[in-house]
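Undergrad: File follows, query-v7.cif with mmCIF, C-alpha atoms and all ligand atoms:
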data_upload
#
loop_
_atom_site.label_atom_id
_atom_site.label_comp_id
_atom_site.auth_asym_id
_atom_site.auth_seq_id
_atom_site.Cartn_x
_atom_site.Cartn_y
_atom_site.Cartn_z
CA MET A 94 113.21 125.41 83.85
CA SER A 95 112.46 125.38 80.15
CA GLU A 96 111.40 128.99 80.48
CA THR A 97 114.81 129.94 81.85
CA ILE A 98 116.55 128.27 78.94
CA LYS A 99 114.33 130.06 76.50
CA LYS A 100 115.11 133.38 78.13
CA GLU A 101 118.84 132.74 77.98
CA SER A 102 118.79 131.79 74.34
CA LEU A 103 116.81 134.91 73.57
CA ILE A 104 119.47 137.01 75.26
CA THR A 105 122.22 135.40 73.20
CA THR A 106 120.49 136.12 69.92
CA ASP A 107 119.75 139.69 70.93
CA GLU A 108 123.26 140.45 72.01
CA ASN A 109 125.14 138.92 69.16
CA ASN A 110 128.80 139.74 69.11
CA TYR A 111 128.93 141.11 65.59
CA LEU A 112 130.91 144.27 65.13
CA LEU A 113 130.03 144.39 61.46
CA GLU A 114 127.73 142.46 59.21
CA SER A 115 127.28 142.56 55.47
CA LYS A 116 124.35 141.12 53.57
CA ASN A 117 124.07 140.38 49.90
CA LEU A 118 126.68 142.92 48.80
CA SER A 119 127.43 143.37 45.13
CA HIS A 120 129.40 145.91 43.15
CA GLU A 121 130.62 146.54 39.63
CA PHE A 122 132.52 149.13 37.66
CA ASP A 123 133.25 148.14 34.06
CA TYR A 124 132.60 144.54 34.95
CA LYS A 125 130.98 142.79 37.88
CA LEU A 126 133.42 142.43 40.80
CA PHE A 127 131.44 140.53 43.43
CA GLN A 128 127.94 139.50 44.35
CA ASN A 129 126.05 138.05 47.29
CA ILE A 130 128.81 138.80 49.81
CA ASN A 131 127.69 137.89 53.33
CA LEU A 132 130.26 138.48 56.00
CA THR A 133 130.27 138.86 59.77
CA LEU A 134 133.03 140.24 61.96
CA GLU A 135 133.06 139.55 65.68
CA LYS A 136 134.88 141.26 68.52
CA LYS A 137 138.53 140.19 68.74
CA GLN A 138 138.25 138.53 65.35
CA SER A 139 140.55 139.04 62.38
CA ILE A 140 139.48 138.28 58.83
CA ALA A 141 141.83 138.19 55.84
CA ILE A 142 140.76 138.63 52.23
CA ILE A 143 143.11 137.47 49.50
CA GLY A 144 142.67 137.23 45.75
CA MET A 145 144.22 138.19 42.43
CA SER A 146 145.10 141.76 41.55
CA GLY A 147 142.02 143.44 40.10
CA SER A 148 139.59 140.94 41.64
CA GLY A 149 137.95 143.69 43.70
CA LYS A 150 139.46 143.35 47.18
CA SER A 151 140.06 147.07 47.71
CA THR A 152 136.60 147.82 46.33
CA LEU A 153 135.04 145.36 48.78
CA LEU A 154 137.02 146.87 51.65
CA ASN A 155 135.83 150.35 50.61
CA VAL A 156 132.23 149.15 50.69
CA LEU A 157 132.67 147.52 54.11
CA SER A 158 134.44 150.56 55.56
CA SER A 159 131.77 153.18 54.69
CA LEU A 160 133.62 154.71 51.74
CA LEU A 161 131.63 153.32 48.81
CA ALA A 162 127.94 152.50 48.55
CA PRO A 163 127.42 149.04 47.03
CA LYS A 164 125.16 148.37 44.05
CA THR A 165 123.07 146.03 46.23
CA GLY A 166 123.09 144.90 49.83
CA GLU A 167 123.71 146.25 53.31
CA VAL A 168 126.55 146.89 55.73
CA ILE A 169 125.37 146.91 59.32
CA PHE A 170 127.32 148.54 62.15
CA ASN A 171 125.82 149.27 65.56
CA LYS A 172 122.44 147.93 64.38
CA LYS A 173 122.34 150.52 61.61
CA GLU A 174 122.80 150.21 57.88
CA LEU A 175 125.74 152.44 56.95
CA TYR A 176 124.43 153.69 53.63
CA THR A 177 121.03 154.75 54.93
CA ILE A 178 122.13 156.81 57.95
CA LYS A 179 122.63 160.57 57.66
CA LYS A 180 125.87 161.73 56.11
CA LYS A 181 126.98 163.42 59.33
CA GLU A 182 126.44 160.24 61.33
CA LEU A 183 128.35 158.27 58.72
CA LEU A 184 131.26 160.71 59.00
CA ASN A 185 131.26 160.24 62.77
CA VAL A 186 131.38 156.46 62.44
CA ARG A 187 134.23 156.78 59.97
CA ARG A 188 136.11 159.20 62.18
CA GLU A 189 135.52 157.61 65.58
CA ASP A 190 134.83 153.93 65.12
CA PHE A 191 136.59 152.90 61.94
CA GLY A 192 140.35 152.83 61.45
CA ILE A 193 141.11 152.69 57.77
CA ILE A 194 144.63 151.85 56.66
CA PHE A 195 144.86 152.58 52.95
CA GLN A 196 146.93 150.86 50.31
CA ALA A 197 148.47 154.31 49.69
CA HIS A 198 148.88 156.18 52.97
CA TYR A 199 147.97 159.80 53.47
CA LEU A 200 150.33 161.47 55.89
CA PHE A 201 150.79 165.23 56.15
CA ARG A 202 154.15 165.46 54.47
CA GLY A 203 155.18 168.95 55.62
CA PHE A 204 154.84 167.92 59.27
CA SER A 205 156.93 165.77 61.57
CA ALA A 206 155.98 162.19 62.37
CA LYS A 207 154.99 163.34 65.86
CA ASN A 208 152.71 166.09 64.50
CA ASN A 209 150.95 163.50 62.37
CA LEU A 210 150.23 161.42 65.45
CA GLU A 211 149.16 164.43 67.49
CA ILE A 212 146.47 165.16 64.93
CA ALA A 213 144.98 161.75 65.71
CA THR A 214 145.15 162.36 69.46
CA LEU A 215 143.48 165.76 69.06
CA LEU A 216 140.63 164.28 67.02
CA SER A 217 140.05 161.32 69.31
CA GLY A 218 140.98 162.65 72.76
CA GLU A 219 143.21 159.60 73.23
CA SER A 220 146.82 159.98 74.30
CA LEU A 221 149.94 159.05 72.40
CA ASP A 222 150.99 155.46 73.10
CA GLU A 223 154.78 155.42 73.23
CA SER A 224 154.91 151.64 73.59
CA LEU A 225 153.00 151.30 70.32
CA LEU A 226 155.67 153.34 68.55
CA GLU A 227 158.38 151.21 70.13
CA LYS A 228 156.59 148.04 69.08
CA LEU A 229 156.39 149.31 65.51
CA GLY A 230 160.05 150.35 65.62
CA ILE A 231 159.44 154.01 64.78
CA ASP A 232 159.92 155.63 68.20
CA PHE A 233 163.39 156.90 67.22
CA VAL A 234 162.24 158.73 64.08
CA ILE A 235 159.31 160.48 65.69
CA ASN A 236 160.79 163.98 65.46
CA GLN A 237 161.77 163.70 61.80
CA ALA A 238 159.75 165.19 58.96
CA VAL A 239 157.55 162.67 57.15
CA GLY A 240 159.46 163.31 53.92
CA GLU A 241 162.66 162.11 55.59
CA LEU A 242 161.22 158.72 56.55
CA SER A 243 161.62 155.60 54.47
CA GLY A 244 158.54 154.17 52.71
CA GLY A 245 158.20 151.43 55.30
CA GLN A 246 158.58 153.87 58.20
CA GLN A 247 155.86 156.05 56.70
CA GLN A 248 153.63 153.04 56.38
CA ARG A 249 154.17 152.10 60.03
CA LEU A 250 153.58 155.71 61.05
CA SER A 251 150.24 155.70 59.25
CA ILE A 252 149.32 152.48 61.07
CA ALA A 253 150.32 154.04 64.41
CA ARG A 254 148.18 157.06 63.57
CA VAL A 255 145.15 154.88 62.89
CA LEU A 256 145.60 152.85 66.10
CA THR A 257 146.07 156.04 68.14
CA LYS A 258 142.40 156.80 67.42
CA LYS A 259 141.43 153.54 69.17
CA PRO A 260 139.03 152.37 66.44
CA LYS A 261 136.51 149.54 66.95
CA ILE A 262 137.24 148.10 63.54
CA ILE A 263 140.47 148.19 61.56
CA PHE A 264 140.18 147.99 57.78
CA ALA A 265 143.64 147.44 56.37
CA ASP A 266 144.49 147.30 52.68
CA GLU A 267 147.94 145.75 52.17
CA PRO A 268 149.35 147.31 55.35
CA THR A 269 152.60 145.39 54.98
CA GLY A 270 153.06 145.96 51.24
CA ASN A 271 156.32 147.94 51.58
CA LEU A 272 157.84 145.95 54.37
CA ASP A 273 160.43 143.20 54.72
CA LYS A 274 159.22 139.93 56.16
CA GLU A 275 160.33 140.57 59.72
CA THR A 276 158.85 144.08 59.91
CA ALA A 277 155.65 142.83 58.26
CA GLN A 278 155.35 140.25 61.03
CA THR A 279 155.86 142.96 63.66
CA VAL A 280 153.05 144.99 62.11
CA MET A 281 150.80 141.92 62.02
CA ASP A 282 151.53 141.16 65.68
CA THR A 283 150.80 144.78 66.61
CA LEU A 284 147.46 144.76 64.78
CA LYS A 285 146.45 141.43 66.28
CA SER A 286 147.31 142.44 69.83
CA TYR A 287 145.48 145.74 69.30
CA ILE A 288 142.22 143.98 68.46
CA GLN A 289 142.60 141.57 71.38
CA ASN A 290 143.31 144.32 73.91
CA ASN A 291 140.62 146.69 72.66
CA ASN A 292 137.76 144.30 71.87
CA ALA A 293 138.08 145.43 68.29
CA GLY A 294 138.00 143.56 64.97
CA MET A 295 140.03 143.63 61.78
CA ILE A 296 139.44 143.04 58.08
CA LEU A 297 142.75 142.74 56.29
CA VAL A 298 143.40 142.63 52.56
CA THR A 299 146.76 141.13 51.70
CA HIS A 300 148.74 139.38 48.99
CA GLU A 301 150.80 137.52 51.54
CA ASN A 302 149.25 134.14 52.23
CA GLU A 303 151.45 133.53 55.23
CA LEU A 304 150.15 136.65 56.97
CA ALA A 305 146.58 135.94 55.88
CA MET A 306 146.69 132.51 57.50
CA GLN A 307 147.47 134.14 60.86
CA CYS A 308 143.97 135.61 60.83
CA ASP A 309 141.04 133.78 62.40
CA LYS A 310 139.28 133.52 59.07
CA VAL A 311 140.57 133.68 55.52
CA TYR A 312 138.53 134.24 52.37
CA LYS A 313 139.56 134.34 48.74
CA LEU A 314 137.72 136.69 46.40
CA GLU A 315 137.37 134.66 43.23
CA ASN A 316 134.66 134.27 40.58
CA LEU A 317 132.64 137.08 42.19
CA GLU A 318 132.43 135.25 45.52
CA LEU A 319 134.20 134.97 48.83
CA LYS A 320 135.45 131.41 49.20
CA GLU A 321 136.19 130.40 52.78
CA LEU A 322 139.73 129.01 53.02
CA LYS A 323 139.93 128.98 56.81
N1 LIG B 1 136.65 154.11 41.20
C1 LIG B 1 136.73 153.23 40.21
N2 LIG B 1 136.20 153.48 39.01
C2 LIG B 1 136.26 152.59 38.02
N3 LIG B 1 136.83 151.39 38.12
C3 LIG B 1 137.37 151.06 39.31
C4 LIG B 1 137.35 151.96 40.41
N4 LIG B 1 137.97 151.37 41.47
C5 LIG B 1 138.37 150.16 41.03
N5 LIG B 1 138.01 149.97 39.74
C6 LIG B 1 138.26 148.75 38.95
O1 LIG B 1 137.74 147.63 39.65
C7 LIG B 1 138.62 146.52 39.53
C8 LIG B 1 139.00 146.02 40.91
O2 LIG B 1 139.82 146.99 41.56
P1 LIG B 1 140.33 146.80 43.05
O3 LIG B 1 141.17 147.96 43.36
O4 LIG B 1 139.16 146.55 43.94
O5 LIG B 1 141.18 145.44 42.92
P2 LIG B 1 142.13 144.73 43.97
O6 LIG B 1 141.65 143.31 44.10
O7 LIG B 1 142.22 145.52 45.22
O8 LIG B 1 143.54 144.72 43.20
P3 LIG B 1 145.03 144.88 43.79
O9 LIG B 1 145.35 143.55 44.39
O10 LIG B 1 145.85 145.14 42.58
O11 LIG B 1 145.07 146.00 44.77
C9 LIG B 1 139.79 147.01 38.69
O12 LIG B 1 139.58 146.57 37.36
C10 LIG B 1 139.74 148.49 38.79
O13 LIG B 1 140.22 149.12 37.64
MG MG B 2 143.78 146.67 46.08
#
Any chance you could put this one into structure tokens?
Ligand SMILES: Nc1ncnc2c1ncn2[C@@H]1O[C@H](COP(=O)(O)OP(=O)(O)OP(=O)(O)O)[C@@H](O)[C@H]1O
Ligand SMILES: [Mg+2]
TA:
Amino acid sequence: MSETIKKESLITTDENNYLLESKNLSHEFDYKLFQNINLTLEKKQSIAIIGMSGSGKSTLLNVLSSLLAPKTGEVIFNKKELYTIKKKELLNVRREDFGIIFQAHYLFRGFSAKNNLEIATLLSGESLDESLLEKLGIDFVINQAVGELSGGQQQRLSIARVLTKKPKIIFADEPTGNLDKETAQTVMDTLKSYIQNNNAGMILVTHENELAMQCDKVYKLENLELKELK
């Protein structure tokens, strides 16, 4: 009997649910931004990071999302440390598994909204999800050129493009920055239902406390540390 229990507990520790884990992360540019950051993200979990402008939130998100090697520490995805794997493997993780929504979005401006989404479907082999576009309220502008869309429509298009890839982890830096309250809530609902339906996870940086509090966990980056608020 006791042997069975032991076996079971071993299985649980082996198959932990972490999608992403960070250990002892620190980084600095002109001044130290953060140190000793230990974070875990589980499947279907959303984590919000808030904090003052310039506190280092985007920098931390860059480190977590494979874009910037930290001064110290590790980021573990799929049992591997991101900054020690080969560059090609890192690019694959970034392209296939990570969905990065930037503070400034990078759409191909000469192309239509639809073309921009088709690029994502070509790269991932996934198909275009019309209901996602409806949910985000951009289905009716899909044939327009990117340059003709409003700032908020472009932002939602870039979110749709990221989700079209079907990433395992969404890293979102102020994804609702240009949006009115109601549209921001729609985007939040879309992101949250995406992670639930796809066994994915999300790390969200935002200035909006109300949206942050809708995440499972909320941290504030302050005095070089992540303080757990929820
Ligand atoms: N590539 C870089 N080179 C030098 N300094 C940088 C670089 N990126 C960021 N910094 C500096 O690091 C600090 C933190 O920047 P970061 O963008 O992480 O802040 P943030 O918390 O995301 O702010 P905001 O809320 O305004 O977006 C800033 O002082 C910024 O100037
Ligand atoms: Mg930022």
Undergrad: Mind listing whatever residues come within 10 Å of the point (131.9, 140.1, 63.4)? Use only C-alpha atoms, file coordinates, and give them as a list in words.
TA: Asn109, Asn110, Tyr111, Leu112, Leu113, Glu114, Ser115, Leu132, Thr133, Leu134, Glu135, Lys136, Lys137, Gln138, Ser139, Ile140, Phe170, Ile262, Ala293, Gly294, Met295 and Ile296 of chain A
Undergrad: So which residues are near ligand LIG 1 (chain B), meaning at most 12 Å away with all atoms listed in the file counted, given back as a PDB file with C-alpha atoms, keeping the file's coordinate frame?
TA:
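Result went into pocket.pdb, see below:
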ATOM      1  CA  HIS A 120     129.400 145.910  43.150  1.00  0.00           C
ATOM      2  CA  GLU A 121     130.620 146.540  39.630  1.00  0.00           C
ATOM      3  CA  PHE A 122     132.520 149.130  37.660  1.00  0.00           C
ATOM      4  CA  ASP A 123     133.250 148.140  34.060  1.00  0.00           C
ATOM      5  CA  TYR A 124     132.600 144.540  34.950  1.00  0.00           C
ATOM      6  CA  LYS A 125     130.980 142.790  37.880  1.00  0.00           C
ATOM      7  CA  LEU A 126     133.420 142.430  40.800  1.00  0.00           C
ATOM      8  CA  PHE A 127     131.440 140.530  43.430  1.00  0.00           C
ATOM      9  CA  ILE A 142     140.760 138.630  52.230  1.00  0.00           C
ATOM     10  CA  ILE A 143     143.110 137.470  49.500  1.00  0.00           C
ATOM     11  CA  GLY A 144     142.670 137.230  45.750  1.00  0.00           C
ATOM     12  CA  MET A 145     144.220 138.190  42.430  1.00  0.00           C
ATOM     13  CA  SER A 146     145.100 141.760  41.550  1.00  0.00           C
ATOM     14  CA  GLY A 147     142.020 143.440  40.100  1.00  0.00           C
ATOM     15  CA  SER A 148     139.590 140.940  41.640  1.00  0.00           C
ATOM     16  CA  GLY A 149     137.950 143.690  43.700  1.00  0.00           C
ATOM     17  CA  LYS A 150     139.460 143.350  47.180  1.00  0.00           C
ATOM     18  CA  SER A 151     140.060 147.070  47.710  1.00  0.00           C
ATOM     19  CA  THR A 152     136.600 147.820  46.330  1.00  0.00           C
ATOM     20  CA  LEU A 153     135.040 145.360  48.780  1.00  0.00           C
ATOM     21  CA  LEU A 154     137.020 146.870  51.650  1.00  0.00           C
ATOM     22  CA  ASN A 155     135.830 150.350  50.610  1.00  0.00           C
ATOM     23  CA  VAL A 156     132.230 149.150  50.690  1.00  0.00           C
ATOM     24  CA  LEU A 160     133.620 154.710  51.740  1.00  0.00           C
ATOM     25  CA  LEU A 161     131.630 153.320  48.810  1.00  0.00           C
ATOM     26  CA  ALA A 162     127.940 152.500  48.550  1.00  0.00           C
ATOM     27  CA  PHE A 195     144.860 152.580  52.950  1.00  0.00           C
ATOM     28  CA  GLN A 196     146.930 150.860  50.310  1.00  0.00           C
ATOM     29  CA  ALA A 197     148.470 154.310  49.690  1.00  0.00           C
ATOM     30  CA  ALA A 265     143.640 147.440  56.370  1.00  0.00           C
ATOM     31  CA  ASP A 266     144.490 147.300  52.680  1.00  0.00           C
ATOM     32  CA  GLU A 267     147.940 145.750  52.170  1.00  0.00           C
ATOM     33  CA  PRO A 268     149.350 147.310  55.350  1.00  0.00           C
ATOM     34  CA  GLY A 270     153.060 145.960  51.240  1.00  0.00           C
ATOM     35  CA  LEU A 297     142.750 142.740  56.290  1.00  0.00           C
ATOM     36  CA  VAL A 298     143.400 142.630  52.560  1.00  0.00           C
ATOM     37  CA  THR A 299     146.760 141.130  51.700  1.00  0.00           C
ATOM     38  CA  HIS A 300     148.740 139.380  48.990  1.00  0.00           C
ATOM     39  CA  GLU A 301     150.800 137.520  51.540  1.00  0.00           C
ATOM     40  CA  LYS A 313     139.560 134.340  48.740  1.00  0.00           C
ATOM     41  CA  LEU A 314     137.720 136.690  46.400  1.00  0.00           C
ATOM     42  CA  GLU A 315     137.370 134.660  43.230  1.00  0.00           C
ATOM     43  CA  ASN A 316     134.660 134.270  40.580  1.00  0.00           C
ATOM     44  CA  LEU A 317     132.640 137.080  42.190  1.00  0.00           C
TER      45      LEU A 317
END
Undergrad: List the neighbours of A:Val311 out to 7 Å using all atoms listed in the file; skip same-chain residues closer than 6 positions along the sequence, and give me the result as a VMD selection string.
TA: chain A and resid 140 to 142 305 321 to 323
Undergrad: Pick the closest to ligand MG 2 (chain B) from A:Leu242, A:Asn117, A:Ala206, A:Ile194: which is it, counting only C-alpha atoms and all ligand atoms?
TA: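 With only C-alpha atoms and all ligand atoms as the atom set, the closest residue is A:Ile194.
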Undergrad: Would you compute the distance between atom CA of A:Leu118 and atom CA of A:Lys173? Give it in Å to one decimal.
TA: 15.5 Å
Undergrad: One decimal, Å: what's the distance from atom CA of A:Gly192 over to atom CA of A:Ser158, could you say?
TA: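 Taking atom CA of A:Gly192 and atom CA of A:Ser158, their separation equals 8.6 Å.
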Undergrad: Find the spatial neighbours of stretch 226-234 of chain A, counting only C-alpha atoms, within a cut-off of 9 Å - ignore same-chain residues fewer than 3 positions away - and output them as a ChimeraX atom specification.
TA: /A:206-207,221-223,237-238,242,246,249-250,252-253,276,279-280,283
Undergrad: Using atom CA of A:Gln247 and atom CA of A:Val186 as the two end points, give the distance in Å to one decimal.
TA: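 It comes out at 25.1 Å.
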Undergrad: Neighbouring residues of A:Asn208 were defined as those with any atom within 10 Å, considering all atoms listed in the file; residues of the same chain fewer than 4 positions away were excluded. Please report them as an MDAnalysis selection string.
TA: chainID A and resid 201 203:204 212:214 235:239
Undergrad: Select, from A:Thr165, A:Ser159, A:Gln128, A:Thr269, the residue with the minimum atom-to-atom distance to A:Phe191, counting only C-alpha atoms.
TA: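 Ranked by minimum distance to A:Phe191, first place goes to A:Ser159.
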Undergrad: Padding of 5 Å on every side, edges along x, y and z, all listed atoms of stretch 313-318 of chain A included: what centre and edge lengths in Å, to one decimal, does that box have, as AutoDock Vina command-line options?
TA:
--center_x 136.0 --center_y 135.7 --center_z 44.7 --size_x 17.1 --size_y 12.8 --size_z 18.2
Undergrad: For stretch 277-302 of chain A, supply N, CA and C atoms and format the output as a PDB file, in the frame of the given file.
TA:
ATOM      1  N   ALA A 277     157.050 143.156  58.557  1.00  0.00           N
ATOM      2  CA  ALA A 277     155.650 142.830  58.260  1.00  0.00           C
ATOM      3  C   ALA A 277     155.048 142.015  59.399  1.00  0.00           C
ATOM      4  N   GLN A 278     155.839 141.076  59.914  1.00  0.00           N
ATOM      5  CA  GLN A 278     155.350 140.250  61.030  1.00  0.00           C
ATOM      6  C   GLN A 278     155.134 141.106  62.275  1.00  0.00           C
ATOM      7  N   THR A 279     156.029 142.070  62.514  1.00  0.00           N
ATOM      8  CA  THR A 279     155.860 142.960  63.660  1.00  0.00           C
ATOM      9  C   THR A 279     154.551 143.742  63.550  1.00  0.00           C
ATOM     10  N   VAL A 280     154.281 144.237  62.332  1.00  0.00           N
ATOM     11  CA  VAL A 280     153.050 144.990  62.110  1.00  0.00           C
ATOM     12  C   VAL A 280     151.831 144.088  62.359  1.00  0.00           C
ATOM     13  N   MET A 281     151.908 142.877  61.841  1.00  0.00           N
ATOM     14  CA  MET A 281     150.800 141.920  62.020  1.00  0.00           C
ATOM     15  C   MET A 281     150.569 141.650  63.506  1.00  0.00           C
ATOM     16  N   ASP A 282     151.655 141.417  64.244  1.00  0.00           N
ATOM     17  CA  ASP A 282     151.530 141.160  65.680  1.00  0.00           C
ATOM     18  C   ASP A 282     150.914 142.358  66.394  1.00  0.00           C
ATOM     19  N   THR A 283     151.330 143.559  65.982  1.00  0.00           N
ATOM     20  CA  THR A 283     150.800 144.780  66.610  1.00  0.00           C
ATOM     21  C   THR A 283     149.296 144.899  66.359  1.00  0.00           C
ATOM     22  N   LEU A 284     148.893 144.656  65.114  1.00  0.00           N
ATOM     23  CA  LEU A 284     147.460 144.760  64.780  1.00  0.00           C
ATOM     24  C   LEU A 284     146.656 143.718  65.543  1.00  0.00           C
ATOM     25  N   LYS A 285     147.190 142.501  65.601  1.00  0.00           N
ATOM     26  CA  LYS A 285     146.450 141.430  66.280  1.00  0.00           C
ATOM     27  C   LYS A 285     146.348 141.687  67.783  1.00  0.00           C
ATOM     28  N   SER A 286     147.418 142.185  68.385  1.00  0.00           N
ATOM     29  CA  SER A 286     147.310 142.440  69.830  1.00  0.00           C
ATOM     30  C   SER A 286     146.420 143.655  70.079  1.00  0.00           C
ATOM     31  N   TYR A 287     146.409 144.610  69.139  1.00  0.00           N
ATOM     32  CA  TYR A 287     145.480 145.740  69.300  1.00  0.00           C
ATOM     33  C   TYR A 287     144.031 145.247  69.369  1.00  0.00           C
ATOM     34  N   ILE A 288     143.643 144.380  68.447  1.00  0.00           N
ATOM     35  CA  ILE A 288     142.220 143.980  68.460  1.00  0.00           C
ATOM     36  C   ILE A 288     141.880 143.135  69.696  1.00  0.00           C
ATOM     37  N   GLN A 289     142.841 142.342  70.160  1.00  0.00           N
ATOM     38  CA  GLN A 289     142.600 141.570  71.380  1.00  0.00           C
ATOM     39  C   GLN A 289     142.420 142.494  72.585  1.00  0.00           C
ATOM     40  N   ASN A 290     143.305 143.468  72.710  1.00  0.00           N
ATOM     41  CA  ASN A 290     143.310 144.320  73.910  1.00  0.00           C
ATOM     42  C   ASN A 290     142.203 145.364  73.909  1.00  0.00           C
ATOM     43  N   ASN A 291     141.613 145.628  72.741  1.00  0.00           N
ATOM     44  CA  ASN A 291     140.620 146.690  72.660  1.00  0.00           C
ATOM     45  C   ASN A 291     139.248 146.190  72.232  1.00  0.00           C
ATOM     46  N   ASN A 292     139.062 144.848  72.269  1.00  0.00           N
ATOM     47  CA  ASN A 292     137.760 144.300  71.870  1.00  0.00           C
ATOM     48  C   ASN A 292     137.364 144.766  70.474  1.00  0.00           C
ATOM     49  N   ALA A 293     138.342 144.929  69.637  1.00  0.00           N
ATOM     50  CA  ALA A 293     138.080 145.430  68.290  1.00  0.00           C
ATOM     51  C   ALA A 293     138.097 144.269  67.297  1.00  0.00           C
ATOM     52  N   GLY A 294     137.940 144.581  66.016  1.00  0.00           N
ATOM     53  CA  GLY A 294     138.000 143.560  64.970  1.00  0.00           C
ATOM     54  C   GLY A 294     138.814 144.088  63.804  1.00  0.00           C
ATOM     55  N   MET A 295     139.206 143.180  62.904  1.00  0.00           N
ATOM     56  CA  MET A 295     140.030 143.630  61.780  1.00  0.00           C
ATOM     57  C   MET A 295     139.643 142.891  60.496  1.00  0.00           C
ATOM     58  N   ILE A 296     139.543 143.649  59.409  1.00  0.00           N
ATOM     59  CA  ILE A 296     139.440 143.040  58.080  1.00  0.00           C
ATOM     60  C   ILE A 296     140.668 143.475  57.304  1.00  0.00           C
ATOM     61  N   LEU A 297     141.440 142.495  56.887  1.00  0.00           N
ATOM     62  CA  LEU A 297     142.750 142.740  56.290  1.00  0.00           C
ATOM     63  C   LEU A 297     142.776 142.218  54.859  1.00  0.00           C
ATOM     64  N   VAL A 298     143.168 143.070  53.930  1.00  0.00           N
ATOM     65  CA  VAL A 298     143.400 142.630  52.560  1.00  0.00           C
ATOM     66  C   VAL A 298     144.895 142.479  52.370  1.00  0.00           C
ATOM     67  N   THR A 299     145.323 141.338  51.866  1.00  0.00           N
ATOM     68  CA  THR A 299     146.760 141.130  51.700  1.00  0.00           C
ATOM     69  C   THR A 299     147.061 140.186  50.543  1.00  0.00           C
ATOM     70  N   HIS A 300     148.269 140.318  50.007  1.00  0.00           N
ATOM     71  CA  HIS A 300     148.740 139.380  48.990  1.00  0.00           C
ATOM     72  C   HIS A 300     149.562 138.262  49.627  1.00  0.00           C
ATOM     73  N   GLU A 301     149.890 138.464  50.899  1.00  0.00           N
ATOM     74  CA  GLU A 301     150.800 137.520  51.540  1.00  0.00           C
ATOM     75  C   GLU A 301     150.031 136.421  52.277  1.00  0.00           C
ATOM     76  N   ASN A 302     150.027 135.252  51.670  1.00  0.00           N
ATOM     77  CA  ASN A 302     149.250 134.140  52.230  1.00  0.00           C
ATOM     78  C   ASN A 302     149.660 133.794  53.656  1.00  0.00           C
TER      79      ASN A 302
END
